[in-house]
2 protein chains.
Amino acid sequence: MRLNTQQIEALDKRYRALFINALSGFKSANLIATCDNSKNTNLAIFTSVFHIGSSPPLLGMISRPHSVPRHTLENILQTGHYSINHVNESIIKQAHQTSARYDEEISEFQATGLSEQWDDDFPAPLVEQSRIQLGMKLREHHQLAINNTVMIIGEITHINIKDDVVHQDGYVDIERAGSIATSSLDSYHRTDLLSHLSYAKPEKMPEQITERKK
Amino acid sequence: MRLNTQQIEALDKRYRALFINALSGFKSANLIATCDNSKNTNLAIFTSVFHIGSSPPLLGMISRPHSVPRHTLENILQTGHYSINHVNESIIKQAHQTSARYDEEISEFQATGLSEQWDDDFPAPLVEQSRIQLGMKLREHHQLAINNTVMIIGEITHINIKDDVVHQDGYVDIERAGSIATSSLDSYHRTDLLSHLSYAKPEKMPEQITERKK
């Protein structure tokens, strides 16, 4: 299949959404948990969380302007905090269900059966069933003129993670933690490690790292 | 393991890089192919390509300011075009090797053994060994004040993809195309489909889509 701009524009709207959403490659799956100033909670799946930098530790994500994650965006702007929680294999259906268009007064926690976790030192809820939980502080947000989506940039201020998936060198085995990958709009995949590769240098091809100590 | 901002800041630099880079979840792996105005080519792996919108079809990616992908950024700004090519299982080592710090006059195509493909109607090279190739036109770029990385936003203007991975409804089976997922800085994973889930509605939990016709 070869498509150019005119042919892409001519695609049926639903077909194009499934099709184009697959083209960036595999995506993360995270539950974004928020609350408003009255502690009414909200939960929404995002597949657009991406790494921006490790020092300071920054993650970005894209919020659509007039669709499902709008309550999430409003809460983040109101409180300045949110949490990012990895979706694992045992909560895929509940996570996917958070994308339904619930009314604002309904919390997706109650609607899907996922549990709120409140840590003493963090002002937004976390998802108890998630094995990798990140407490985030809003740092910047930008409305992209090109299509009115909003890019949210946050700093990781709290990390809750099981010790047994963190290796001596800092590598976090998210596969062992059960985190899953997504593709397009509706598909969930488990992963299977192919290789860790050594730091690339011009003079020789990378080698497989066979031992990674815990 | 529980870490707060002070404890994250205190981590050893290399440890922190491996650690923080894992926290966004699984990532895409794409080879960004570019050339300068004299058609000198460059090739670099990026794991930060993310979906921004399907109409117009937009993808974003993050370029570090003073490190490996700098030649990529310069070429994109010079020519206004680049290509995004999915990494598949058979080219993982070559793809990883493009992250070595080669001198500017060396093309990572020659250095790694990957092949340039030039389509008549697109001004930047594609990667012949890639099964999903996207021709991109630069639309916006923003330097993020927060850490000086550069966000590049491009529009998909050309798509080359094998017919046998595109389903009737528009879903692209990138797993079948051999595309892989990455985690942290050095790890490559194949995927295994768990489920396609139906469009989420408030009144009932999502169901598994068992038939997806090609």
# chains A, B, ... in the order shown; residues from 1 in each chain; ligands from 1
call {"tool": "calpha_fit_and_write", "arguments": {"fixed": "chain A", "moving": "chain B", "output": "PDB file with C-alpha atoms, in the first residue's frame"}}
result
ATOM      1  CA  MET B   1       0.000  -0.009  -0.047  1.00  0.00           C
ATOM      2  CA  ARG B   2       1.311   3.431  -0.988  1.00  0.00           C
ATOM      3  CA  LEU B   3      -0.574   6.526   0.079  1.00  0.00           C
ATOM      4  CA  ASN B   4       0.107  10.202  -0.456  1.00  0.00           C
ATOM      5  CA  THR B   5      -1.461  13.240   1.237  1.00  0.00           C
ATOM      6  CA  GLN B   6      -4.523  13.311  -1.026  1.00  0.00           C
ATOM      7  CA  GLN B   7      -5.170   9.610  -0.521  1.00  0.00           C
ATOM      8  CA  ILE B   8      -4.730   9.907   3.248  1.00  0.00           C
ATOM      9  CA  GLU B   9      -7.214  12.794   3.334  1.00  0.00           C
ATOM     10  CA  ALA B  10      -9.730  10.747   1.341  1.00  0.00           C
ATOM     11  CA  LEU B  11      -9.818   7.897   3.887  1.00  0.00           C
ATOM     12  CA  ASP B  12     -13.027   7.297   5.839  1.00  0.00           C
ATOM     13  CA  LYS B  13     -12.808   9.019   9.243  1.00  0.00           C
ATOM     14  CA  ARG B  14     -12.982   5.880  11.428  1.00  0.00           C
ATOM     15  CA  TYR B  15     -10.689   3.937   9.117  1.00  0.00           C
ATOM     16  CA  ARG B  16      -8.186   6.782   9.240  1.00  0.00           C
ATOM     17  CA  ALA B  17      -8.289   6.997  13.033  1.00  0.00           C
ATOM     18  CA  LEU B  18      -7.435   3.276  13.444  1.00  0.00           C
ATOM     19  CA  PHE B  19      -4.883   3.442  10.648  1.00  0.00           C
ATOM     20  CA  ILE B  20      -2.967   6.612  11.582  1.00  0.00           C
ATOM     21  CA  ASN B  21      -2.977   5.772  15.292  1.00  0.00           C
ATOM     22  CA  ALA B  22      -0.952   2.633  14.486  1.00  0.00           C
ATOM     23  CA  LEU B  23       1.795   4.360  12.550  1.00  0.00           C
ATOM     24  CA  SER B  24       3.926   5.764  15.373  1.00  0.00           C
ATOM     25  CA  GLY B  25       4.672   2.195  16.527  1.00  0.00           C
ATOM     26  CA  PHE B  26       4.057   0.606  19.909  1.00  0.00           C
ATOM     27  CA  LYS B  27       2.808   2.906  22.645  1.00  0.00           C
ATOM     28  CA  SER B  28       2.755   2.990  26.409  1.00  0.00           C
ATOM     29  CA  ALA B  29      -0.484   2.516  28.344  1.00  0.00           C
ATOM     30  CA  ASN B  30      -0.919   4.645  31.425  1.00  0.00           C
ATOM     31  CA  LEU B  31      -3.822   5.568  33.667  1.00  0.00           C
ATOM     32  CA  ILE B  32      -3.805   9.263  34.503  1.00  0.00           C
ATOM     33  CA  ALA B  33      -5.428   9.825  37.897  1.00  0.00           C
ATOM     34  CA  THR B  34      -6.504  13.286  38.996  1.00  0.00           C
ATOM     35  CA  CYS B  35      -8.844  15.095  41.328  1.00  0.00           C
ATOM     36  CA  ASP B  36     -10.369  18.553  41.452  1.00  0.00           C
ATOM     37  CA  ASN B  37      -9.937  20.905  44.405  1.00  0.00           C
ATOM     38  CA  SER B  38     -12.848  19.142  46.160  1.00  0.00           C
ATOM     39  CA  LYS B  39     -11.089  15.754  45.776  1.00  0.00           C
ATOM     40  CA  ASN B  40     -13.572  14.453  43.194  1.00  0.00           C
ATOM     41  CA  THR B  41     -11.500  11.945  41.268  1.00  0.00           C
ATOM     42  CA  ASN B  42     -11.102  11.165  37.593  1.00  0.00           C
ATOM     43  CA  LEU B  43      -9.252   8.397  35.771  1.00  0.00           C
ATOM     44  CA  ALA B  44      -8.403   8.141  32.059  1.00  0.00           C
ATOM     45  CA  ILE B  45      -6.186   5.951  29.899  1.00  0.00           C
ATOM     46  CA  PHE B  46      -3.529   7.738  27.847  1.00  0.00           C
ATOM     47  CA  THR B  47      -1.278   6.067  25.283  1.00  0.00           C
ATOM     48  CA  SER B  48       0.729   9.192  24.510  1.00  0.00           C
ATOM     49  CA  VAL B  49       2.993   9.490  27.556  1.00  0.00           C
ATOM     50  CA  PHE B  50       6.580   9.993  26.371  1.00  0.00           C
ATOM     51  CA  HIS B  51      10.015  10.577  27.867  1.00  0.00           C
ATOM     52  CA  ILE B  52      11.419  14.126  27.651  1.00  0.00           C
ATOM     53  CA  GLY B  53      14.434  14.005  29.948  1.00  0.00           C
ATOM     54  CA  SER B  54      15.903  12.294  32.978  1.00  0.00           C
ATOM     55  CA  SER B  55      17.471  15.284  34.760  1.00  0.00           C
ATOM     56  CA  PRO B  56      15.110  16.810  35.721  1.00  0.00           C
ATOM     57  CA  PRO B  57      12.849  13.762  35.257  1.00  0.00           C
ATOM     58  CA  LEU B  58      10.215  14.950  32.760  1.00  0.00           C
ATOM     59  CA  LEU B  59       7.395  13.199  30.922  1.00  0.00           C
ATOM     60  CA  GLY B  60       5.075  14.647  28.306  1.00  0.00           C
ATOM     61  CA  MET B  61       1.619  13.635  27.145  1.00  0.00           C
ATOM     62  CA  ILE B  62      -0.953  14.829  24.640  1.00  0.00           C
ATOM     63  CA  SER B  63      -4.520  15.659  25.639  1.00  0.00           C
ATOM     64  CA  ARG B  64      -7.217  15.946  22.999  1.00  0.00           C
ATOM     65  CA  PRO B  65      -9.043  19.269  23.310  1.00  0.00           C
ATOM     66  CA  HIS B  66     -12.726  18.299  23.217  1.00  0.00           C
ATOM     67  CA  SER B  67     -12.921  14.621  23.950  1.00  0.00           C
ATOM     68  CA  VAL B  68     -12.522  12.021  26.679  1.00  0.00           C
ATOM     69  CA  PRO B  69      -9.541  13.285  28.694  1.00  0.00           C
ATOM     70  CA  ARG B  70     -10.922  16.787  29.103  1.00  0.00           C
ATOM     71  CA  HIS B  71     -11.757  16.292  32.806  1.00  0.00           C
ATOM     72  CA  THR B  72      -8.205  15.088  33.277  1.00  0.00           C
ATOM     73  CA  LEU B  73      -6.812  18.270  31.748  1.00  0.00           C
ATOM     74  CA  GLU B  74      -9.112  20.511  33.791  1.00  0.00           C
ATOM     75  CA  ASN B  75      -8.113  18.776  37.018  1.00  0.00           C
ATOM     76  CA  ILE B  76      -4.408  19.014  36.214  1.00  0.00           C
ATOM     77  CA  LEU B  77      -4.692  22.740  35.517  1.00  0.00           C
ATOM     78  CA  GLN B  78      -6.749  23.223  38.682  1.00  0.00           C
ATOM     79  CA  THR B  79      -4.527  21.334  41.132  1.00  0.00           C
ATOM     80  CA  GLY B  80      -1.131  21.216  39.397  1.00  0.00           C
ATOM     81  CA  HIS B  81      -0.761  17.499  40.156  1.00  0.00           C
ATOM     82  CA  TYR B  82      -1.608  14.129  38.625  1.00  0.00           C
ATOM     83  CA  SER B  83      -0.359  10.581  38.737  1.00  0.00           C
ATOM     84  CA  ILE B  84       0.788   8.247  35.954  1.00  0.00           C
ATOM     85  CA  ASN B  85       0.116   4.562  36.604  1.00  0.00           C
ATOM     86  CA  HIS B  86       1.293   1.743  34.332  1.00  0.00           C
ATOM     87  CA  VAL B  87      -1.459  -0.491  32.968  1.00  0.00           C
ATOM     88  CA  ASN B  88      -0.661  -4.155  33.523  1.00  0.00           C
ATOM     89  CA  GLU B  89      -2.177  -7.277  32.045  1.00  0.00           C
ATOM     90  CA  SER B  90      -4.663  -7.839  34.859  1.00  0.00           C
ATOM     91  CA  ILE B  91      -6.383  -4.449  34.475  1.00  0.00           C
ATOM     92  CA  ILE B  92      -6.566  -4.015  30.700  1.00  0.00           C
ATOM     93  CA  LYS B  93     -10.375  -4.087  30.464  1.00  0.00           C
ATOM     94  CA  GLN B  94     -10.878  -1.645  33.318  1.00  0.00           C
ATOM     95  CA  ALA B  95      -8.215   0.652  31.882  1.00  0.00           C
ATOM     96  CA  HIS B  96      -9.788   0.590  28.419  1.00  0.00           C
ATOM     97  CA  GLN B  97     -13.210   1.252  29.951  1.00  0.00           C
ATOM     98  CA  THR B  98     -11.998   4.576  31.389  1.00  0.00           C
ATOM     99  CA  SER B  99     -12.162   5.909  27.820  1.00  0.00           C
ATOM    100  CA  ALA B 100     -15.988   5.734  27.847  1.00  0.00           C
ATOM    101  CA  ARG B 101     -17.708   9.120  27.953  1.00  0.00           C
ATOM    102  CA  TYR B 102     -18.841   9.193  31.555  1.00  0.00           C
ATOM    103  CA  ASP B 103     -20.518  12.310  32.904  1.00  0.00           C
ATOM    104  CA  GLU B 104     -18.274  14.626  34.864  1.00  0.00           C
ATOM    105  CA  GLU B 105     -19.795  13.713  38.241  1.00  0.00           C
ATOM    106  CA  ILE B 106     -19.006  10.033  37.793  1.00  0.00           C
ATOM    107  CA  SER B 107     -15.533   8.869  38.829  1.00  0.00           C
ATOM    108  CA  GLU B 108     -14.040   6.267  36.524  1.00  0.00           C
ATOM    109  CA  PHE B 109     -12.559   4.664  39.660  1.00  0.00           C
ATOM    110  CA  GLN B 110     -16.033   3.674  40.864  1.00  0.00           C
ATOM    111  CA  ALA B 111     -17.312   2.919  37.361  1.00  0.00           C
ATOM    112  CA  THR B 112     -14.514   0.489  36.530  1.00  0.00           C
ATOM    113  CA  GLY B 113     -13.698  -1.037  39.898  1.00  0.00           C
ATOM    114  CA  LEU B 114     -10.168   0.308  40.095  1.00  0.00           C
ATOM    115  CA  SER B 115      -9.145   1.529  43.561  1.00  0.00           C
ATOM    116  CA  GLU B 116      -7.986   4.954  44.678  1.00  0.00           C
ATOM    117  CA  GLN B 117      -4.757   5.021  46.647  1.00  0.00           C
ATOM    118  CA  TRP B 118      -3.889   8.179  48.574  1.00  0.00           C
ATOM    119  CA  ASP B 119      -0.323   8.629  49.747  1.00  0.00           C
ATOM    120  CA  ASP B 120       0.280  11.025  52.627  1.00  0.00           C
ATOM    121  CA  ASP B 121       2.775  13.130  50.744  1.00  0.00           C
ATOM    122  CA  PHE B 122       1.021  13.411  47.361  1.00  0.00           C
ATOM    123  CA  PRO B 123      -2.133  15.449  46.621  1.00  0.00           C
ATOM    124  CA  ALA B 124      -3.604  13.389  43.733  1.00  0.00           C
ATOM    125  CA  PRO B 125      -4.875   9.796  43.761  1.00  0.00           C
ATOM    126  CA  LEU B 126      -2.827   6.842  42.525  1.00  0.00           C
ATOM    127  CA  VAL B 127      -4.162   3.564  41.120  1.00  0.00           C
ATOM    128  CA  GLU B 128      -3.742   0.830  43.721  1.00  0.00           C
ATOM    129  CA  GLN B 129      -3.679  -1.997  41.144  1.00  0.00           C
ATOM    130  CA  SER B 130      -0.787  -0.443  39.237  1.00  0.00           C
ATOM    131  CA  ARG B 131       2.737  -1.711  40.001  1.00  0.00           C
ATOM    132  CA  ILE B 132       4.543   1.385  38.748  1.00  0.00           C
ATOM    133  CA  GLN B 133       3.063   4.618  40.090  1.00  0.00           C
ATOM    134  CA  LEU B 134       4.451   8.082  39.405  1.00  0.00           C
ATOM    135  CA  GLY B 135       3.443  11.251  41.214  1.00  0.00           C
ATOM    136  CA  MET B 136       3.667  14.193  38.806  1.00  0.00           C
ATOM    137  CA  LYS B 137       3.851  17.952  39.170  1.00  0.00           C
ATOM    138  CA  LEU B 138       2.676  20.059  36.226  1.00  0.00           C
ATOM    139  CA  ARG B 139       5.544  22.102  34.795  1.00  0.00           C
ATOM    140  CA  GLU B 140       4.287  23.418  31.429  1.00  0.00           C
ATOM    141  CA  HIS B 141       1.361  23.063  29.082  1.00  0.00           C
ATOM    142  CA  HIS B 142       1.111  24.244  25.489  1.00  0.00           C
ATOM    143  CA  GLN B 143      -1.853  24.248  23.148  1.00  0.00           C
ATOM    144  CA  LEU B 144      -0.547  23.132  19.767  1.00  0.00           C
ATOM    145  CA  ALA B 145      -1.917  25.566  17.182  1.00  0.00           C
ATOM    146  CA  ILE B 146      -1.685  22.901  14.523  1.00  0.00           C
ATOM    147  CA  ASN B 147      -4.629  20.829  15.847  1.00  0.00           C
ATOM    148  CA  ASN B 148      -5.585  22.298  19.244  1.00  0.00           C
ATOM    149  CA  THR B 149      -4.305  19.355  21.246  1.00  0.00           C
ATOM    150  CA  VAL B 150      -2.599  20.218  24.522  1.00  0.00           C
ATOM    151  CA  MET B 151       0.882  19.044  25.414  1.00  0.00           C
ATOM    152  CA  ILE B 152       1.300  18.586  29.154  1.00  0.00           C
ATOM    153  CA  ILE B 153       4.812  18.420  30.612  1.00  0.00           C
ATOM    154  CA  GLY B 154       5.224  17.174  34.156  1.00  0.00           C
ATOM    155  CA  GLU B 155       8.055  16.415  36.530  1.00  0.00           C
ATOM    156  CA  ILE B 156       8.203  13.088  38.345  1.00  0.00           C
ATOM    157  CA  THR B 157       8.255  13.941  42.050  1.00  0.00           C
ATOM    158  CA  HIS B 158       7.263  10.566  43.537  1.00  0.00           C
ATOM    159  CA  ILE B 159       7.995   7.009  42.415  1.00  0.00           C
ATOM    160  CA  ASN B 160       6.432   3.856  43.857  1.00  0.00           C
ATOM    161  CA  ILE B 161       7.798   0.692  42.303  1.00  0.00           C
ATOM    162  CA  LYS B 162       8.381  -2.891  43.399  1.00  0.00           C
ATOM    163  CA  ASP B 163      12.021  -3.482  44.363  1.00  0.00           C
ATOM    164  CA  ASP B 164      12.195  -6.790  42.518  1.00  0.00           C
ATOM    165  CA  VAL B 165      11.924  -5.177  39.079  1.00  0.00           C
ATOM    166  CA  VAL B 166      14.764  -2.671  39.607  1.00  0.00           C
ATOM    167  CA  HIS B 167      18.233  -3.892  38.621  1.00  0.00           C
ATOM    168  CA  GLN B 168      21.586  -2.862  40.114  1.00  0.00           C
ATOM    169  CA  ASP B 169      22.369  -0.572  37.185  1.00  0.00           C
ATOM    170  CA  GLY B 170      19.047   1.261  37.328  1.00  0.00           C
ATOM    171  CA  TYR B 171      17.234  -0.676  34.577  1.00  0.00           C
ATOM    172  CA  VAL B 172      13.581  -1.161  35.445  1.00  0.00           C
ATOM    173  CA  ASP B 173      12.176  -4.423  34.091  1.00  0.00           C
ATOM    174  CA  ILE B 174       8.732  -3.128  33.140  1.00  0.00           C
ATOM    175  CA  GLU B 175       8.025  -6.382  31.303  1.00  0.00           C
ATOM    176  CA  ARG B 176       8.422  -8.295  34.566  1.00  0.00           C
ATOM    177  CA  ALA B 177       6.202  -5.688  36.256  1.00  0.00           C
ATOM    178  CA  GLY B 178       3.487  -6.762  33.804  1.00  0.00           C
ATOM    179  CA  SER B 179       3.313  -3.428  31.971  1.00  0.00           C
ATOM    180  CA  ILE B 180       1.810  -3.823  28.519  1.00  0.00           C
ATOM    181  CA  ALA B 181       2.198  -2.106  25.148  1.00  0.00           C
ATOM    182  CA  THR B 182      -0.621  -0.818  22.948  1.00  0.00           C
ATOM    183  CA  SER B 183      -1.104  -0.298  19.241  1.00  0.00           C
ATOM    184  CA  SER B 184      -3.622   1.776  17.313  1.00  0.00           C
ATOM    185  CA  LEU B 185      -6.749   2.611  19.345  1.00  0.00           C
ATOM    186  CA  ASP B 186      -7.887  -0.712  20.724  1.00  0.00           C
ATOM    187  CA  SER B 187      -5.093  -3.287  20.908  1.00  0.00           C
ATOM    188  CA  TYR B 188      -3.099  -4.527  23.893  1.00  0.00           C
ATOM    189  CA  HIS B 189       0.101  -6.567  23.733  1.00  0.00           C
ATOM    190  CA  ARG B 190       2.340  -8.297  26.237  1.00  0.00           C
ATOM    191  CA  THR B 191       6.043  -8.209  25.506  1.00  0.00           C
ATOM    192  CA  ASP B 192       8.880 -10.696  25.330  1.00  0.00           C
ATOM    193  CA  LEU B 193      12.459  -9.436  25.753  1.00  0.00           C
ATOM    194  CA  LEU B 194      14.664  -9.935  22.696  1.00  0.00           C
ATOM    195  CA  SER B 195      17.853  -8.348  23.983  1.00  0.00           C
ATOM    196  CA  HIS B 196      19.609  -5.697  25.997  1.00  0.00           C
ATOM    197  CA  LEU B 197      22.304  -4.119  23.821  1.00  0.00           C
ATOM    198  CA  SER B 198      25.566  -2.521  24.936  1.00  0.00           C
ATOM    199  CA  TYR B 199      26.226   1.211  24.582  1.00  0.00           C
ATOM    200  CA  ALA B 200      26.864   1.898  20.889  1.00  0.00           C
ATOM    201  CA  LYS B 201      30.362   2.984  19.801  1.00  0.00           C
ATOM    202  CA  PRO B 202      31.480   3.805  16.265  1.00  0.00           C
ATOM    203  CA  GLU B 203      34.264   1.216  16.115  1.00  0.00           C
ATOM    204  CA  LYS B 204      32.201  -1.956  16.636  1.00  0.00           C
ATOM    205  CA  MET B 205      28.657  -3.297  16.501  1.00  0.00           C
ATOM    206  CA  PRO B 206      26.726  -3.535  19.787  1.00  0.00           C
ATOM    207  CA  GLU B 207      26.812  -6.713  21.822  1.00  0.00           C
ATOM    208  CA  GLN B 208      24.123  -8.425  23.768  1.00  0.00           C
ATOM    209  CA  ILE B 209      24.223  -7.819  27.520  1.00  0.00           C
ATOM    210  CA  THR B 210      23.702 -11.300  28.874  1.00  0.00           C
ATOM    211  CA  GLU B 211      23.911 -10.618  32.579  1.00  0.00           C
ATOM    212  CA  ARG B 212      21.950  -7.902  34.253  1.00  0.00           C
ATOM    213  CA  LYS B 213      22.190  -8.191  38.002  1.00  0.00           C
ATOM    214  CA  LYS B 214      19.405  -7.493  40.419  1.00  0.00           C
TER     215      LYS B 214
END
call {"tool": "select_by_dssp", "arguments": {"residues": "range 27-198 of chain A", "states": "alpha helix (DSSP H)", "output": "PyMOL selection string"}}
result
chain A and resi 70-79+92-97+108-112
call {"tool": "write_last_selection", "arguments": {"atoms": "N, CA and C atoms", "output": "JSON list (two decimals), in the first residue's frame"}}
result
[["chain", "number", "residue", "atom", "x", "y", "z"],
["A", 70, "ARG", "N", -10.75, 15.38, 28.75],
["A", 70, "ARG", "CA", -10.90, 16.77, 29.10],
["A", 70, "ARG", "C", -10.96, 17.00, 30.62],
["A", 71, "HIS", "N", -11.69, 16.13, 31.36],
["A", 71, "HIS", "CA", -11.75, 16.28, 32.81],
["A", 71, "HIS", "C", -10.35, 16.13, 33.41],
["A", 72, "THR", "N", -9.58, 15.25, 32.83],
["A", 72, "THR", "CA", -8.20, 15.08, 33.28],
["A", 72, "THR", "C", -7.44, 16.39, 33.15],
["A", 73, "LEU", "N", -7.52, 16.99, 31.99],
["A", 73, "LEU", "CA", -6.81, 18.26, 31.74],
["A", 73, "LEU", "C", -7.28, 19.34, 32.71],
["A", 74, "GLU", "N", -8.59, 19.46, 32.88],
["A", 74, "GLU", "CA", -9.12, 20.49, 33.79],
["A", 74, "GLU", "C", -8.61, 20.30, 35.22],
["A", 75, "ASN", "N", -8.60, 19.05, 35.67],
["A", 75, "ASN", "CA", -8.11, 18.77, 37.02],
["A", 75, "ASN", "C", -6.63, 19.09, 37.17],
["A", 76, "ILE", "N", -5.86, 18.74, 36.15],
["A", 76, "ILE", "CA", -4.41, 19.01, 36.22],
["A", 76, "ILE", "C", -4.16, 20.51, 36.29],
["A", 77, "LEU", "N", -4.89, 21.27, 35.49],
["A", 77, "LEU", "CA", -4.69, 22.73, 35.51],
["A", 77, "LEU", "C", -5.17, 23.31, 36.85],
["A", 78, "GLN", "N", -6.20, 22.71, 37.43],
["A", 78, "GLN", "CA", -6.75, 23.22, 38.68],
["A", 78, "GLN", "C", -5.83, 22.94, 39.87],
["A", 79, "THR", "N", -5.30, 21.72, 39.94],
["A", 79, "THR", "CA", -4.53, 21.32, 41.13],
["A", 79, "THR", "C", -3.02, 21.32, 40.92],
["A", 92, "ILE", "N", -6.40, -4.56, 32.05],
["A", 92, "ILE", "CA", -6.58, -4.01, 30.70],
["A", 92, "ILE", "C", -8.02, -3.56, 30.44],
["A", 93, "LYS", "N", -8.99, -4.43, 30.77],
["A", 93, "LYS", "CA", -10.39, -4.09, 30.46],
["A", 93, "LYS", "C", -10.85, -2.85, 31.23],
["A", 94, "GLN", "N", -10.51, -2.81, 32.52],
["A", 94, "GLN", "CA", -10.89, -1.64, 33.33],
["A", 94, "GLN", "C", -10.22, -0.37, 32.79],
["A", 95, "ALA", "N", -8.95, -0.51, 32.40],
["A", 95, "ALA", "CA", -8.21, 0.64, 31.88],
["A", 95, "ALA", "C", -8.85, 1.16, 30.59],
["A", 96, "HIS", "N", -9.17, 0.22, 29.69],
["A", 96, "HIS", "CA", -9.80, 0.59, 28.42],
["A", 96, "HIS", "C", -11.15, 1.26, 28.66],
["A", 97, "GLN", "N", -11.88, 0.74, 29.65],
["A", 97, "GLN", "CA", -13.21, 1.24, 29.96],
["A", 97, "GLN", "C", -13.19, 2.71, 30.42],
["A", 108, "GLU", "N", -14.36, 7.51, 37.21],
["A", 108, "GLU", "CA", -14.03, 6.26, 36.53],
["A", 108, "GLU", "C", -13.46, 5.23, 37.50],
["A", 109, "PHE", "N", -12.99, 5.66, 38.65],
["A", 109, "PHE", "CA", -12.57, 4.68, 39.66],
["A", 109, "PHE", "C", -13.76, 3.81, 40.04],
["A", 110, "GLN", "N", -14.85, 4.46, 40.46],
["A", 110, "GLN", "CA", -16.03, 3.69, 40.86],
["A", 110, "GLN", "C", -16.60, 2.91, 39.68],
["A", 111, "ALA", "N", -16.68, 3.55, 38.54],
["A", 111, "ALA", "CA", -17.32, 2.92, 37.38],
["A", 111, "ALA", "C", -16.59, 1.67, 36.90],
["A", 112, "THR", "N", -15.28, 1.63, 37.07],
["A", 112, "THR", "CA", -14.52, 0.49, 36.52],
["A", 112, "THR", "C", -14.05, -0.48, 37.59]]
call {"tool": "select_by_dssp", "arguments": {"residues": "range 123-156 of chain B", "states": "strand (DSSP E)", "output": "VMD selection string"}}
result
chain B and resid 126 to 127 132 to 143 150 to 156
call {"tool": "decode", "arguments": {"residues": "range 191-195 of chain B", "atoms": "all heavy atoms", "output": "mmCIF file, in the first residue's frame"}}
result
data_model
loop_
_atom_site.group_PDB
_atom_site.id
_atom_site.type_symbol
_atom_site.label_atom_id
_atom_site.label_comp_id
_atom_site.auth_asym_id
_atom_site.auth_seq_id
_atom_site.Cartn_x
_atom_site.Cartn_y
_atom_site.Cartn_z
ATOM 1 N N THR B 191 6.392 -8.389 20.609
ATOM 2 C CA THR B 191 5.099 -8.325 21.293
ATOM 3 C C THR B 191 4.222 -9.519 20.952
ATOM 4 O O THR B 191 4.485 -10.243 19.982
ATOM 5 C CB THR B 191 4.328 -7.045 20.909
ATOM 6 O OG1 THR B 191 4.023 -7.098 19.517
ATOM 7 C CG2 THR B 191 5.128 -5.799 21.229
ATOM 8 N N ASP B 192 3.207 -9.709 21.749
ATOM 9 C CA ASP B 192 2.288 -10.828 21.603
ATOM 10 C C ASP B 192 0.890 -10.275 21.929
ATOM 11 O O ASP B 192 0.629 -9.873 23.059
ATOM 12 C CB ASP B 192 2.716 -11.907 22.613
ATOM 13 C CG ASP B 192 1.937 -13.191 22.455
ATOM 14 O OD1 ASP B 192 1.332 -13.395 21.389
ATOM 15 O OD2 ASP B 192 1.923 -13.976 23.419
ATOM 16 N N LEU B 193 0.013 -10.246 20.928
ATOM 17 C CA LEU B 193 -1.304 -9.630 21.114
ATOM 18 C C LEU B 193 -2.100 -10.282 22.232
ATOM 19 O O LEU B 193 -2.249 -11.507 22.268
ATOM 20 C CB LEU B 193 -2.110 -9.735 19.807
ATOM 21 C CG LEU B 193 -3.519 -9.128 19.871
ATOM 22 C CD1 LEU B 193 -3.458 -7.612 19.934
ATOM 23 C CD2 LEU B 193 -4.347 -9.571 18.658
ATOM 24 N N LEU B 194 -2.604 -9.491 23.151
ATOM 25 C CA LEU B 194 -3.505 -9.988 24.194
ATOM 26 C C LEU B 194 -4.947 -9.857 23.744
ATOM 27 O O LEU B 194 -5.717 -10.811 23.821
ATOM 28 C CB LEU B 194 -3.302 -9.184 25.483
ATOM 29 C CG LEU B 194 -2.004 -9.451 26.230
ATOM 30 C CD1 LEU B 194 -1.736 -8.344 27.235
ATOM 31 C CD2 LEU B 194 -2.080 -10.807 26.916
ATOM 32 N N SER B 195 -5.334 -8.679 23.297
ATOM 33 C CA SER B 195 -6.710 -8.505 22.824
ATOM 34 C C SER B 195 -6.920 -7.182 22.101
ATOM 35 O O SER B 195 -6.206 -6.204 22.354
ATOM 36 C CB SER B 195 -7.710 -8.590 23.987
ATOM 37 O OG SER B 195 -7.401 -7.623 24.952
#
